[in-house]
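Heads up, the thing below is written out as structure tokens.
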There are 2 protein chains.
Amino acid sequence: MGLDIGATKTLGVRLDDDGRVLEQVREPTEPGPEGILRTAAQVVTDLGSAASIGLGIPGLVDPERGAVKHAVNLGVDGEWVPLRAELEQRLGVSVAVENDVNVATLGAVALSGIRDLVYLSIGTGLAAGLVLDGTLRRGATGAAGEIGHVPIDPSGALCQCGQRGCLETVASGRALAEAWPSGDEPPAQALFAAAAAGDVKAIAVRDRFAAGVADAVRTLCLSVDPTTIVLGGGVAHLGAPLVEAVADALRAQAAASPFLTSLDLAARIRAVPADQPVAAIGAALLGRP
Amino acid sequence: MGLDIGATKTLGVRLDDDGRVLEQVREPTEPGPEGILRTAAQVVTDLGSAASIGLGIPGLVDPERGAVKHAVNLGVDGEWVPLRAELEQRLGVSVAVENDVNVATLGAVALSGIRDLVYLSIGTGLAAGLVLDGTLRRGATGAAGEIGHVPIDPSGALCQCGQRGCLETVASGRALAEAWPSGDEPPAQALFAAAAAGDVKAIAVRDRFAAGVADAVRTLCLSVDPTTIVLGGGVAHLGAPLVEAVADALRAQAAASPFLTSLDLAARIRAVPADQPVAAIGAALLGRP
């Protein structure tokens, strides 16, 4: 069983032995430590019994201790919340806890069958998960893949992290929504639709966003050189038009550089399947003994 | 036995079973494919007999085939030179071939005992080697660690690779020599000495160089989050003053960012031991069956 605990909803799946989704449920997430625990227990009850449970959750996760902190949108701040211990006690089954981007990366590996990939999560923020030669790379302090806070422009916008010109200030859902306010409609969809319809300003905003994503792809490829970069997160629901815009940006960046051209980064990107609960699937696989 | 084949000299070492250097020789490198082979054979003859040989060489290396190309400073261009096959035939012993930065990284791991580190080679150019959890990361196309060609400033200088504002245009021996021409003296030593003596212009040039190295360290840490970054390459002969300048730059970058401060990147850097032939040692270890 796998749970993807998000700020608004918690999505749960039950997988068969081959990793296929048997059942899927969702519940609104109650905020705060006790709310998260109650929501998770409810999703598990909805799904029936499980041999093991994996959880993906935003924030700083200590997988060894099964604890989370700094999940601000979930009402969890500076204190470690011992999710695993609490849930194992309530549910009587083994629980594994991991960062939401990392479980989505494991899900992307399982769905694609590619065991060497980087998952670039373009959600409200920007972060990557790395599975290198089959192994999830967390890093010495869990900061592997924190690519959103690599500055790429000394005269760029101030980032929430305190630095200036971070990738996240250009290539994130938040940056996109600020550059293209759209009322009720999801900003990414509104922007790409307007650009596709020929709106000159929308084309410029879309291309600047895509160039920022391409910057992140290039930085990751020149660091770890994965076979594949999977674009995920909320913005990736755009699917093919996003991949196309980013591939165009990658080709434009490589135009003056034989070295970059030889790496053919545009051919390495794809969008995560939009109809699959990738993070919940990855969480379920993580939880397996 | 390990050989570090450089543009001007080839350095060879013979190690004992515990990886200690028993003997060390150097020969001027003859350019061109046949020159490299002759030089390597000569160094091996100087050192006596060996059970296995490892080679580190600049350029694009295919370790599977034991071949190198694009080692421009060695007179090797677009054609693959089958170093392993040729040397195995001449010497009758197994030979392994790897990129020079990668063997230096293996050497840094052996000398430090740290099995999760990034080796940042600040030579004429800028490139990194990655050993993650004990395993050398080459990447899908051998481009892992090509951090020198990550652009970090849209209005930066044009890079030899064709892009603009690459890390290498600031944080490399070439960039340093251009910013601080010094005649016969090594530019890095001349610059750091002038800065230490209070020369205001030298301090500015040194600090800009150190900030560029710090940018590379930050980019690598936010990608793979290693426990340690070892500064190597010609410029790292500066030793402690280089580490100090880069640590100062990392602290300055983190000053406005609690997130970056929490990663404590300044505490992760060290210089490679200046008195050890790190690349030749790594090459020898690579060659071991």
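Ordering of the structure tokens sets the chain letters (A, B, ...), residue numbers begin anew at 1 in every chain, and ligands are numbered from 1 in the order given.
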
Exercise. Taking only C-alpha atoms into account, what are the residues of chain A at most 8 Å from chain B, put as a PyMOL selection string?
Worked result: chain A and resi 137-147+149-154+161-163+218-227+253-254+256-260+263

Exercise. Near Asp4 in chain B, counting only C-alpha atoms, which residues have an atom at most 8 Å away, once you skip same-chain residues fewer than 2 positions from it, shown as a VMD selection string?
Worked result: chain B and resid 2 6 10 to 12 55 to 57 100 279 to 280 283

For this session: From a DSSP pass on the backbone, collect the residues of range 185-266 of chain B flagged as strand (DSSP E) and hand them back as number ranges by chain.
Result: B: 228-232
